[in-house]
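Listing of my_file-v2.cif; format and content: mmCIF, C-alpha atoms.
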```
data_entry
loop_
_atom_site.label_atom_id
_atom_site.label_comp_id
_atom_site.auth_asym_id
_atom_site.auth_seq_id
_atom_site.Cartn_x
_atom_site.Cartn_y
_atom_site.Cartn_z
CA MET A 228 0.00 0.00 0.00
CA PRO A 229 1.52 3.37 -0.97
CA ASP A 230 2.21 5.98 1.66
CA TRP A 231 -0.27 8.67 0.53
CA ARG A 232 1.34 11.29 2.79
CA ARG A 233 4.65 11.10 0.91
CA ILE A 234 3.25 11.43 -2.62
CA ASP A 235 4.17 14.69 -4.35
CA TRP A 236 0.72 16.12 -5.05
CA LYS A 237 2.28 19.17 -6.74
CA SER A 238 3.28 16.81 -9.53
CA PRO A 239 0.70 17.14 -12.32
CA ILE A 240 1.18 13.52 -13.33
CA ASN A 241 0.44 12.23 -9.78
CA THR A 242 -2.50 14.56 -9.21
CA LEU A 243 -4.13 14.07 -12.61
CA SER A 244 -3.65 10.30 -12.44
CA ALA A 245 -5.37 10.17 -9.02
CA LEU A 246 -8.24 12.35 -10.27
CA SER A 247 -8.65 10.10 -13.31
CA LEU A 248 -8.83 7.01 -11.09
CA VAL A 249 -11.58 8.70 -9.10
CA GLY A 250 -13.33 9.61 -12.37
CA ALA A 251 -13.12 6.01 -13.61
CA LEU A 252 -14.57 4.70 -10.36
CA LEU A 253 -17.30 7.32 -10.48
CA TYR A 254 -18.20 6.23 -14.01
CA ILE A 255 -18.27 2.56 -12.99
CA PHE A 256 -20.65 3.19 -10.08
CA TYR A 257 -22.65 6.00 -11.72
CA PRO A 258 -22.53 5.56 -15.52
CA ASP A 259 -25.15 8.30 -16.01
CA ILE A 260 -22.46 10.84 -15.19
CA ILE A 261 -21.56 10.72 -18.88
CA PHE A 262 -24.66 12.87 -19.46
CA HIS A 263 -23.12 15.56 -17.25
CA GLY A 264 -19.46 15.22 -18.17
CA GLY A 265 -19.27 13.80 -21.68
CA MET A 266 -18.02 16.41 -24.16
CA ARG A 267 -20.24 16.80 -27.23
CA ASN A 268 -21.56 19.42 -29.57
CA HIS A 269 -25.09 20.87 -29.29
CA HIS A 270 -24.85 22.55 -25.89
CA ALA A 271 -28.01 23.85 -24.28
CA ASN A 272 -26.19 26.73 -22.57
CA ILE A 273 -22.78 27.97 -21.48
CA PHE A 274 -23.10 26.44 -18.00
CA ARG A 275 -23.62 22.97 -19.50
CA PHE A 276 -20.53 23.48 -21.67
CA ILE A 277 -18.45 24.51 -18.63
CA GLU A 278 -19.68 21.47 -16.68
CA GLU A 279 -18.63 19.19 -19.54
CA MET A 280 -15.29 20.98 -19.89
CA LEU A 281 -14.52 20.42 -16.19
CA LEU A 282 -15.47 16.74 -16.19
CA TYR A 283 -14.81 15.15 -19.59
CA SER A 284 -11.08 14.54 -19.21
CA PHE A 285 -11.35 12.89 -15.78
CA LEU A 286 -14.09 10.40 -16.61
CA HIS A 287 -13.02 7.08 -18.11
CA ALA A 288 -15.18 4.27 -19.48
CA GLY A 289 -13.56 1.51 -17.51
CA VAL A 290 -10.58 0.63 -15.40
CA ILE A 291 -8.54 -0.77 -18.31
CA HIS A 292 -8.88 2.53 -20.17
CA VAL A 293 -7.72 4.64 -17.24
CA LEU A 294 -4.93 2.24 -16.27
CA SER A 295 -3.53 2.21 -19.81
CA ASN A 296 -3.48 6.02 -19.78
CA ILE A 297 -1.86 6.15 -16.33
CA VAL A 298 0.85 3.68 -17.35
CA PHE A 299 1.54 5.87 -20.38
CA PHE A 300 1.73 8.99 -18.18
CA LEU A 301 4.12 7.34 -15.77
CA PHE A 302 6.56 6.84 -18.64
CA ILE A 303 6.13 9.70 -21.11
CA GLY A 304 4.49 12.12 -18.66
CA ARG A 305 7.31 11.77 -16.15
CA ILE A 306 9.88 12.46 -18.88
CA ILE A 307 8.07 15.67 -19.88
CA GLU A 308 7.62 16.70 -16.23
CA HIS A 309 11.31 16.14 -15.42
CA THR A 310 12.54 17.72 -18.66
CA HIS A 311 10.36 20.84 -18.64
CA GLY A 312 9.14 21.09 -15.05
CA GLN A 313 5.85 20.87 -13.24
CA LYS A 314 4.65 24.33 -14.26
CA TYR A 315 5.17 23.52 -17.94
CA THR A 316 3.26 20.23 -17.52
CA TRP A 317 0.36 21.96 -15.75
CA HIS A 318 0.19 24.55 -18.53
CA LEU A 319 0.27 21.80 -21.15
CA TRP A 320 -2.60 20.00 -19.41
CA ILE A 321 -4.70 23.19 -19.16
CA TRP A 322 -4.06 24.08 -22.81
CA THR A 323 -4.79 20.52 -23.98
CA THR A 324 -7.99 20.24 -21.93
CA ILE A 325 -9.34 23.50 -23.35
CA PHE A 326 -8.16 22.88 -26.92
CA VAL A 327 -9.40 19.27 -27.12
CA GLY A 328 -12.65 20.17 -25.32
CA VAL A 329 -13.45 22.95 -27.78
CA PHE A 330 -12.37 20.77 -30.71
CA LEU A 331 -14.69 17.98 -29.57
CA ALA A 332 -17.51 20.43 -28.84
CA ILE A 333 -17.32 21.57 -32.46
CA PHE A 334 -16.69 18.27 -34.28
CA SER A 335 -17.80 15.35 -32.09
CA GLU A 336 -21.23 13.87 -32.74
CA SER A 337 -21.32 11.69 -29.61
CA ARG A 338 -20.35 12.16 -25.98
CA THR A 339 -16.64 11.77 -25.36
CA ILE A 340 -14.81 11.15 -22.09
CA GLY A 341 -11.25 10.34 -21.15
CA TRP A 342 -7.70 11.52 -21.07
CA SER A 343 -6.36 10.28 -24.39
CA GLY A 344 -6.07 13.80 -25.79
CA PHE A 345 -3.57 14.67 -23.06
CA ALA A 346 -1.70 11.41 -23.75
CA MET A 347 -1.29 12.42 -27.39
CA ALA A 348 -0.22 15.93 -26.37
CA LEU A 349 2.48 14.48 -24.11
CA LEU A 350 3.61 12.15 -26.87
CA SER A 351 3.80 14.97 -29.41
CA VAL A 352 5.83 17.15 -27.00
CA TYR A 353 8.12 14.18 -26.42
CA ALA A 354 8.58 13.67 -30.18
CA TYR A 355 9.18 17.40 -30.63
CA ASP A 356 11.87 17.35 -27.94
CA LEU A 357 13.57 14.34 -29.56
CA ARG A 358 13.58 16.13 -32.90
CA LYS A 359 15.12 19.24 -31.34
CA GLN A 360 17.80 17.09 -29.70
CA GLN A 361 18.48 15.47 -33.10
CA ARG A 362 17.92 11.97 -31.74
CA SER A 363 16.61 10.68 -35.05
CA SER A 364 16.17 6.99 -34.15
CA ASP A 365 14.20 7.83 -30.97
CA TYR A 366 12.26 10.49 -32.88
CA LYS A 367 11.25 7.93 -35.52
CA TRP A 368 9.97 5.58 -32.80
CA ALA A 369 7.94 8.40 -31.27
CA LEU A 370 6.46 9.24 -34.69
CA LEU A 371 5.63 5.57 -35.21
CA LEU A 372 3.83 5.49 -31.84
CA ILE A 373 1.85 8.60 -32.82
CA PHE A 374 0.98 7.05 -36.18
CA ILE A 375 -0.11 3.77 -34.56
CA ASN A 376 -2.33 5.66 -32.08
CA LEU A 377 -4.00 7.57 -34.90
CA ILE A 378 -4.46 4.47 -37.08
CA ILE A 379 -5.76 2.24 -34.26
CA TRP A 380 -8.39 4.79 -33.35
CA GLY A 381 -9.12 5.71 -36.99
CA SER A 382 -11.96 3.23 -37.05
CA ALA A 383 -13.83 5.19 -34.38
CA SER A 384 -14.37 8.78 -35.50
CA VAL A 385 -14.67 10.18 -31.97
CA SER A 386 -11.46 8.57 -30.78
CA PHE A 387 -9.63 9.68 -33.91
CA LEU A 388 -10.79 13.29 -33.40
CA TRP A 389 -9.79 13.10 -29.77
CA HIS A 390 -6.30 11.76 -30.45
CA PHE A 391 -5.81 14.08 -33.41
CA ALA A 392 -6.85 17.13 -31.35
CA GLY A 393 -4.41 16.11 -28.59
CA LEU A 394 -1.64 15.80 -31.16
CA ILE A 395 -2.37 19.30 -32.48
CA ALA A 396 -2.53 20.68 -28.93
CA GLY A 397 0.90 19.26 -28.06
CA VAL A 398 2.54 20.49 -31.27
CA THR A 399 1.09 24.00 -30.98
CA PHE A 400 2.10 24.20 -27.32
CA SER A 401 5.68 23.16 -28.15
CA LEU A 402 5.92 25.62 -31.02
CA TYR A 403 4.52 28.42 -28.88
CA LYS A 404 6.93 27.68 -26.02
CA GLN A 405 9.90 27.59 -28.40
CA LYS A 406 8.93 30.77 -30.25
CA PHE A 407 8.37 32.81 -27.10
CA SER A 408 11.00 31.23 -24.85
CA HIS A 409 13.01 34.46 -24.90
CA LEU A 410 10.11 36.29 -23.17
CA LYS A 411 10.31 33.97 -20.14
CA HIS A 412 13.33 35.88 -18.84
CA ILE A 413 11.56 39.24 -19.22
CA PHE A 414 8.49 38.18 -17.24
CA SER A 415 10.41 36.30 -14.54
CA ARG A 416 12.64 39.26 -13.64
CA LYS A 417 11.85 40.82 -10.29
CA ASN A 418 11.59 44.61 -10.18
#
```
Mind converting the file's structure to structure tokens?
Amino acid sequence: MPDWRRIDWKSPINTLSALSLVGALLYIFYPDIIFHGGMRNHHANIFRFIEEMLLYSFLHAGVIHVLSNIVFFLFIGRIIEHTHGQKYTWHLWIWTTIFVGVFLAIFSESRTIGWSGFAMALLSVYAYDLRKQQRSSDYKWALLLIFINLIIWGSASVSFLWHFAGLIAGVTFSLYKQKFSHLKHIFSRKN
């Protein structure tokens, strides 16, 4: 049994993984929550959209789904968190949640839940970092993993949109961070 008092809850990977486990258990015991937290288009009002935006990424349709995402985060997510820091990872998660949520709200025909968009964002940031470091063999493996994820889920239009939106979110976040990295020093200076 893990010592819950010693877990670093400032770590986005630890915190988001725990929240996703809670979301998966909630879905198992109360499957109707998908009607409150599943992202879809055709929103009745702005409050319903906000409710879906807050819940959709934490709900998972089963323990296998959430565990596969958590295992992925413990490998790729930890690398991103250690390479770029916790603040960067939190910002990536916020950006991805908003971007993928809006993308799904516009294009998805059915209710969508889960964290796979963030998994693809992490994977695309990882691939981007490998490309910048000129580690071509590792970069090719990361691209293959991205390709496989897109192809596997290509048969289900919602999952493809979800993974594709996460990929775009990760790439745009990486490009933005690289383009404006020189401004970080300006804003972090104390007056």
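CA of Ser244 in chain A sits 25.9 Å away from CA of Leu402 in chain A.
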Would you translate the PyMOL selection byres ((chain A and resi 341) around 8) into the concrete set of residues it matches in this file, as a PDB file with C-alpha atoms, in the frame of the given file?
```pdb
ATOM      1  CA  TYR A 283     -14.810  15.150 -19.590  1.00  0.00           C
ATOM      2  CA  SER A 284     -11.080  14.540 -19.210  1.00  0.00           C
ATOM      3  CA  PHE A 285     -11.350  12.890 -15.780  1.00  0.00           C
ATOM      4  CA  LEU A 286     -14.090  10.400 -16.610  1.00  0.00           C
ATOM      5  CA  HIS A 287     -13.020   7.080 -18.110  1.00  0.00           C
ATOM      6  CA  ALA A 288     -15.180   4.270 -19.480  1.00  0.00           C
ATOM      7  CA  VAL A 293      -7.720   4.640 -17.240  1.00  0.00           C
ATOM      8  CA  THR A 339     -16.640  11.770 -25.360  1.00  0.00           C
ATOM      9  CA  ILE A 340     -14.810  11.150 -22.090  1.00  0.00           C
ATOM     10  CA  TRP A 342      -7.700  11.520 -21.070  1.00  0.00           C
ATOM     11  CA  SER A 343      -6.360  10.280 -24.390  1.00  0.00           C
ATOM     12  CA  GLY A 344      -6.070  13.800 -25.790  1.00  0.00           C
TER      13      GLY A 344
END
```
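Residues matched by the PyMOL selection byres ((chain A and resi 277) around 12) in this file: His263, Gly264, Gly265, Met266, Arg267, His270, Ala271, Asn272, Ile273, Phe274, Arg275, Phe276, Glu278, Glu279, Met280, Leu281, Leu282, Tyr283, Thr324, Ile325, Gly328, Val329 and Ala332 of chain A.
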Starting from the PyMOL selection byres ((chain A and resi 391-399) around 9), expand the selection into actual residues of this file and give them as a short mmCIF file (atom, residue, chain, number, x, y, z; two decimals) with C-alpha atoms, keeping the file's coordinate frame.
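Result saved to result.cif:
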```
data_model
loop_
_atom_site.label_atom_id
_atom_site.label_comp_id
_atom_site.auth_asym_id
_atom_site.auth_seq_id
_atom_site.Cartn_x
_atom_site.Cartn_y
_atom_site.Cartn_z
CA LEU A 319 0.27 21.80 -21.15
CA TRP A 322 -4.06 24.08 -22.81
CA THR A 323 -4.79 20.52 -23.98
CA THR A 324 -7.99 20.24 -21.93
CA PHE A 326 -8.16 22.88 -26.92
CA VAL A 327 -9.40 19.27 -27.12
CA GLY A 328 -12.65 20.17 -25.32
CA PHE A 330 -12.37 20.77 -30.71
CA LEU A 331 -14.69 17.98 -29.57
CA SER A 343 -6.36 10.28 -24.39
CA GLY A 344 -6.07 13.80 -25.79
CA PHE A 345 -3.57 14.67 -23.06
CA ALA A 346 -1.70 11.41 -23.75
CA MET A 347 -1.29 12.42 -27.39
CA ALA A 348 -0.22 15.93 -26.37
CA LEU A 349 2.48 14.48 -24.11
CA LEU A 350 3.61 12.15 -26.87
CA SER A 351 3.80 14.97 -29.41
CA VAL A 352 5.83 17.15 -27.00
CA TYR A 353 8.12 14.18 -26.42
CA TYR A 355 9.18 17.40 -30.63
CA ILE A 373 1.85 8.60 -32.82
CA LEU A 377 -4.00 7.57 -34.90
CA SER A 386 -11.46 8.57 -30.78
CA PHE A 387 -9.63 9.68 -33.91
CA LEU A 388 -10.79 13.29 -33.40
CA TRP A 389 -9.79 13.10 -29.77
CA HIS A 390 -6.30 11.76 -30.45
CA PHE A 400 2.10 24.20 -27.32
CA SER A 401 5.68 23.16 -28.15
CA LEU A 402 5.92 25.62 -31.02
CA TYR A 403 4.52 28.42 -28.88
CA LYS A 404 6.93 27.68 -26.02
#
```
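Of the residues listed (A:Arg338, A:Arg362, A:Arg233, A:His311), A:His311 shows the shortest atom-to-atom separation from Gln405 in chain A; distances use all atoms listed in the file.
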Find the distance between CA of Leu252 in chain A and CA of His309 in chain A and write it in Å to one decimal. 28.7 Å
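Using only C-alpha atoms for every distance, the candidate list A:Lys406, A:Lys367, A:Asn241, A:Asp356 yields A:Asp356 as the residue closest to Thr310 in chain A.
We find CA of Val298 in chain A and CA of Ile375 in chain A to be spaced 17.2 Å apart.
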What box, with edges along x, y and z, holds each listed atom of range 256-266 of chain A when 8 Å is added on every side, and can you state its centre and edge lengths in Å to one decimal, as lines of an AutoDock Vina configuration file?
```
center_x = -21.6
center_y = 9.8
center_z = -17.1
size_x = 23.1
size_y = 29.2
size_z = 30.1
```
C-alpha atoms of range 249-372 of chain A from block above, as a PDB file, in the first residue's frame:
```
ATOM      1  CA  VAL A 249     -11.577   8.700  -9.101  1.00  0.00           C
ATOM      2  CA  GLY A 250     -13.332   9.613 -12.369  1.00  0.00           C
ATOM      3  CA  ALA A 251     -13.115   6.015 -13.613  1.00  0.00           C
ATOM      4  CA  LEU A 252     -14.566   4.696 -10.356  1.00  0.00           C
ATOM      5  CA  LEU A 253     -17.301   7.317 -10.480  1.00  0.00           C
ATOM      6  CA  TYR A 254     -18.201   6.235 -14.008  1.00  0.00           C
ATOM      7  CA  ILE A 255     -18.266   2.561 -12.987  1.00  0.00           C
ATOM      8  CA  PHE A 256     -20.647   3.195 -10.076  1.00  0.00           C
ATOM      9  CA  TYR A 257     -22.649   5.997 -11.720  1.00  0.00           C
ATOM     10  CA  PRO A 258     -22.535   5.563 -15.521  1.00  0.00           C
ATOM     11  CA  ASP A 259     -25.148   8.301 -16.015  1.00  0.00           C
ATOM     12  CA  ILE A 260     -22.458  10.844 -15.192  1.00  0.00           C
ATOM     13  CA  ILE A 261     -21.562  10.720 -18.877  1.00  0.00           C
ATOM     14  CA  PHE A 262     -24.660  12.870 -19.463  1.00  0.00           C
ATOM     15  CA  HIS A 263     -23.125  15.561 -17.248  1.00  0.00           C
ATOM     16  CA  GLY A 264     -19.463  15.223 -18.173  1.00  0.00           C
ATOM     17  CA  GLY A 265     -19.267  13.805 -21.679  1.00  0.00           C
ATOM     18  CA  MET A 266     -18.025  16.406 -24.161  1.00  0.00           C
ATOM     19  CA  ARG A 267     -20.243  16.799 -27.231  1.00  0.00           C
ATOM     20  CA  ASN A 268     -21.557  19.419 -29.574  1.00  0.00           C
ATOM     21  CA  HIS A 269     -25.090  20.867 -29.288  1.00  0.00           C
ATOM     22  CA  HIS A 270     -24.853  22.551 -25.888  1.00  0.00           C
ATOM     23  CA  ALA A 271     -28.014  23.853 -24.285  1.00  0.00           C
ATOM     24  CA  ASN A 272     -26.188  26.731 -22.575  1.00  0.00           C
ATOM     25  CA  ILE A 273     -22.781  27.969 -21.483  1.00  0.00           C
ATOM     26  CA  PHE A 274     -23.098  26.439 -18.005  1.00  0.00           C
ATOM     27  CA  ARG A 275     -23.615  22.971 -19.496  1.00  0.00           C
ATOM     28  CA  PHE A 276     -20.529  23.478 -21.669  1.00  0.00           C
ATOM     29  CA  ILE A 277     -18.449  24.512 -18.626  1.00  0.00           C
ATOM     30  CA  GLU A 278     -19.684  21.471 -16.683  1.00  0.00           C
ATOM     31  CA  GLU A 279     -18.632  19.189 -19.536  1.00  0.00           C
ATOM     32  CA  MET A 280     -15.294  20.984 -19.892  1.00  0.00           C
ATOM     33  CA  LEU A 281     -14.516  20.421 -16.193  1.00  0.00           C
ATOM     34  CA  LEU A 282     -15.468  16.737 -16.194  1.00  0.00           C
ATOM     35  CA  TYR A 283     -14.806  15.152 -19.587  1.00  0.00           C
ATOM     36  CA  SER A 284     -11.077  14.542 -19.206  1.00  0.00           C
ATOM     37  CA  PHE A 285     -11.347  12.888 -15.777  1.00  0.00           C
ATOM     38  CA  LEU A 286     -14.089  10.395 -16.607  1.00  0.00           C
ATOM     39  CA  HIS A 287     -13.024   7.075 -18.108  1.00  0.00           C
ATOM     40  CA  ALA A 288     -15.184   4.271 -19.476  1.00  0.00           C
ATOM     41  CA  GLY A 289     -13.561   1.511 -17.507  1.00  0.00           C
ATOM     42  CA  VAL A 290     -10.584   0.630 -15.396  1.00  0.00           C
ATOM     43  CA  ILE A 291      -8.538  -0.772 -18.315  1.00  0.00           C
ATOM     44  CA  HIS A 292      -8.883   2.534 -20.174  1.00  0.00           C
ATOM     45  CA  VAL A 293      -7.722   4.642 -17.236  1.00  0.00           C
ATOM     46  CA  LEU A 294      -4.926   2.240 -16.273  1.00  0.00           C
ATOM     47  CA  SER A 295      -3.534   2.214 -19.812  1.00  0.00           C
ATOM     48  CA  ASN A 296      -3.482   6.022 -19.781  1.00  0.00           C
ATOM     49  CA  ILE A 297      -1.861   6.149 -16.335  1.00  0.00           C
ATOM     50  CA  VAL A 298       0.854   3.675 -17.349  1.00  0.00           C
ATOM     51  CA  PHE A 299       1.539   5.875 -20.378  1.00  0.00           C
ATOM     52  CA  PHE A 300       1.732   8.988 -18.185  1.00  0.00           C
ATOM     53  CA  LEU A 301       4.119   7.343 -15.766  1.00  0.00           C
ATOM     54  CA  PHE A 302       6.556   6.836 -18.635  1.00  0.00           C
ATOM     55  CA  ILE A 303       6.131   9.701 -21.109  1.00  0.00           C
ATOM     56  CA  GLY A 304       4.494  12.121 -18.658  1.00  0.00           C
ATOM     57  CA  ARG A 305       7.313  11.765 -16.150  1.00  0.00           C
ATOM     58  CA  ILE A 306       9.880  12.461 -18.880  1.00  0.00           C
ATOM     59  CA  ILE A 307       8.068  15.668 -19.876  1.00  0.00           C
ATOM     60  CA  GLU A 308       7.625  16.697 -16.234  1.00  0.00           C
ATOM     61  CA  HIS A 309      11.310  16.137 -15.421  1.00  0.00           C
ATOM     62  CA  THR A 310      12.538  17.723 -18.657  1.00  0.00           C
ATOM     63  CA  HIS A 311      10.360  20.844 -18.635  1.00  0.00           C
ATOM     64  CA  GLY A 312       9.144  21.087 -15.049  1.00  0.00           C
ATOM     65  CA  GLN A 313       5.847  20.869 -13.237  1.00  0.00           C
ATOM     66  CA  LYS A 314       4.653  24.325 -14.256  1.00  0.00           C
ATOM     67  CA  TYR A 315       5.166  23.515 -17.941  1.00  0.00           C
ATOM     68  CA  THR A 316       3.262  20.228 -17.524  1.00  0.00           C
ATOM     69  CA  TRP A 317       0.359  21.963 -15.745  1.00  0.00           C
ATOM     70  CA  HIS A 318       0.188  24.553 -18.528  1.00  0.00           C
ATOM     71  CA  LEU A 319       0.270  21.798 -21.150  1.00  0.00           C
ATOM     72  CA  TRP A 320      -2.602  20.002 -19.408  1.00  0.00           C
ATOM     73  CA  ILE A 321      -4.700  23.194 -19.164  1.00  0.00           C
ATOM     74  CA  TRP A 322      -4.055  24.084 -22.813  1.00  0.00           C
ATOM     75  CA  THR A 323      -4.790  20.519 -23.978  1.00  0.00           C
ATOM     76  CA  THR A 324      -7.990  20.242 -21.928  1.00  0.00           C
ATOM     77  CA  ILE A 325      -9.341  23.500 -23.345  1.00  0.00           C
ATOM     78  CA  PHE A 326      -8.158  22.877 -26.921  1.00  0.00           C
ATOM     79  CA  VAL A 327      -9.402  19.274 -27.115  1.00  0.00           C
ATOM     80  CA  GLY A 328     -12.649  20.169 -25.319  1.00  0.00           C
ATOM     81  CA  VAL A 329     -13.451  22.954 -27.777  1.00  0.00           C
ATOM     82  CA  PHE A 330     -12.367  20.773 -30.709  1.00  0.00           C
ATOM     83  CA  LEU A 331     -14.693  17.976 -29.570  1.00  0.00           C
ATOM     84  CA  ALA A 332     -17.507  20.435 -28.843  1.00  0.00           C
ATOM     85  CA  ILE A 333     -17.316  21.571 -32.460  1.00  0.00           C
ATOM     86  CA  PHE A 334     -16.686  18.275 -34.280  1.00  0.00           C
ATOM     87  CA  SER A 335     -17.803  15.349 -32.092  1.00  0.00           C
ATOM     88  CA  GLU A 336     -21.226  13.867 -32.741  1.00  0.00           C
ATOM     89  CA  SER A 337     -21.325  11.687 -29.612  1.00  0.00           C
ATOM     90  CA  ARG A 338     -20.347  12.163 -25.982  1.00  0.00           C
ATOM     91  CA  THR A 339     -16.641  11.772 -25.365  1.00  0.00           C
ATOM     92  CA  ILE A 340     -14.808  11.152 -22.095  1.00  0.00           C
ATOM     93  CA  GLY A 341     -11.250  10.337 -21.146  1.00  0.00           C
ATOM     94  CA  TRP A 342      -7.700  11.516 -21.074  1.00  0.00           C
ATOM     95  CA  SER A 343      -6.359  10.275 -24.391  1.00  0.00           C
ATOM     96  CA  GLY A 344      -6.071  13.795 -25.793  1.00  0.00           C
ATOM     97  CA  PHE A 345      -3.573  14.669 -23.058  1.00  0.00           C
ATOM     98  CA  ALA A 346      -1.701  11.407 -23.745  1.00  0.00           C
ATOM     99  CA  MET A 347      -1.286  12.422 -27.389  1.00  0.00           C
ATOM    100  CA  ALA A 348      -0.223  15.928 -26.367  1.00  0.00           C
ATOM    101  CA  LEU A 349       2.477  14.477 -24.107  1.00  0.00           C
ATOM    102  CA  LEU A 350       3.607  12.149 -26.868  1.00  0.00           C
ATOM    103  CA  SER A 351       3.805  14.972 -29.413  1.00  0.00           C
ATOM    104  CA  VAL A 352       5.830  17.151 -27.001  1.00  0.00           C
ATOM    105  CA  TYR A 353       8.121  14.175 -26.418  1.00  0.00           C
ATOM    106  CA  ALA A 354       8.578  13.674 -30.176  1.00  0.00           C
ATOM    107  CA  TYR A 355       9.181  17.403 -30.633  1.00  0.00           C
ATOM    108  CA  ASP A 356      11.872  17.347 -27.936  1.00  0.00           C
ATOM    109  CA  LEU A 357      13.572  14.341 -29.555  1.00  0.00           C
ATOM    110  CA  ARG A 358      13.583  16.126 -32.899  1.00  0.00           C
ATOM    111  CA  LYS A 359      15.121  19.239 -31.345  1.00  0.00           C
ATOM    112  CA  GLN A 360      17.802  17.089 -29.702  1.00  0.00           C
ATOM    113  CA  GLN A 361      18.480  15.469 -33.103  1.00  0.00           C
ATOM    114  CA  ARG A 362      17.916  11.971 -31.735  1.00  0.00           C
ATOM    115  CA  SER A 363      16.607  10.676 -35.047  1.00  0.00           C
ATOM    116  CA  SER A 364      16.173   6.991 -34.153  1.00  0.00           C
ATOM    117  CA  ASP A 365      14.198   7.826 -30.968  1.00  0.00           C
ATOM    118  CA  TYR A 366      12.261  10.487 -32.881  1.00  0.00           C
ATOM    119  CA  LYS A 367      11.253   7.925 -35.520  1.00  0.00           C
ATOM    120  CA  TRP A 368       9.972   5.579 -32.804  1.00  0.00           C
ATOM    121  CA  ALA A 369       7.937   8.404 -31.266  1.00  0.00           C
ATOM    122  CA  LEU A 370       6.460   9.238 -34.691  1.00  0.00           C
ATOM    123  CA  LEU A 371       5.625   5.568 -35.207  1.00  0.00           C
ATOM    124  CA  LEU A 372       3.833   5.492 -31.844  1.00  0.00           C
TER     125      LEU A 372
END
```
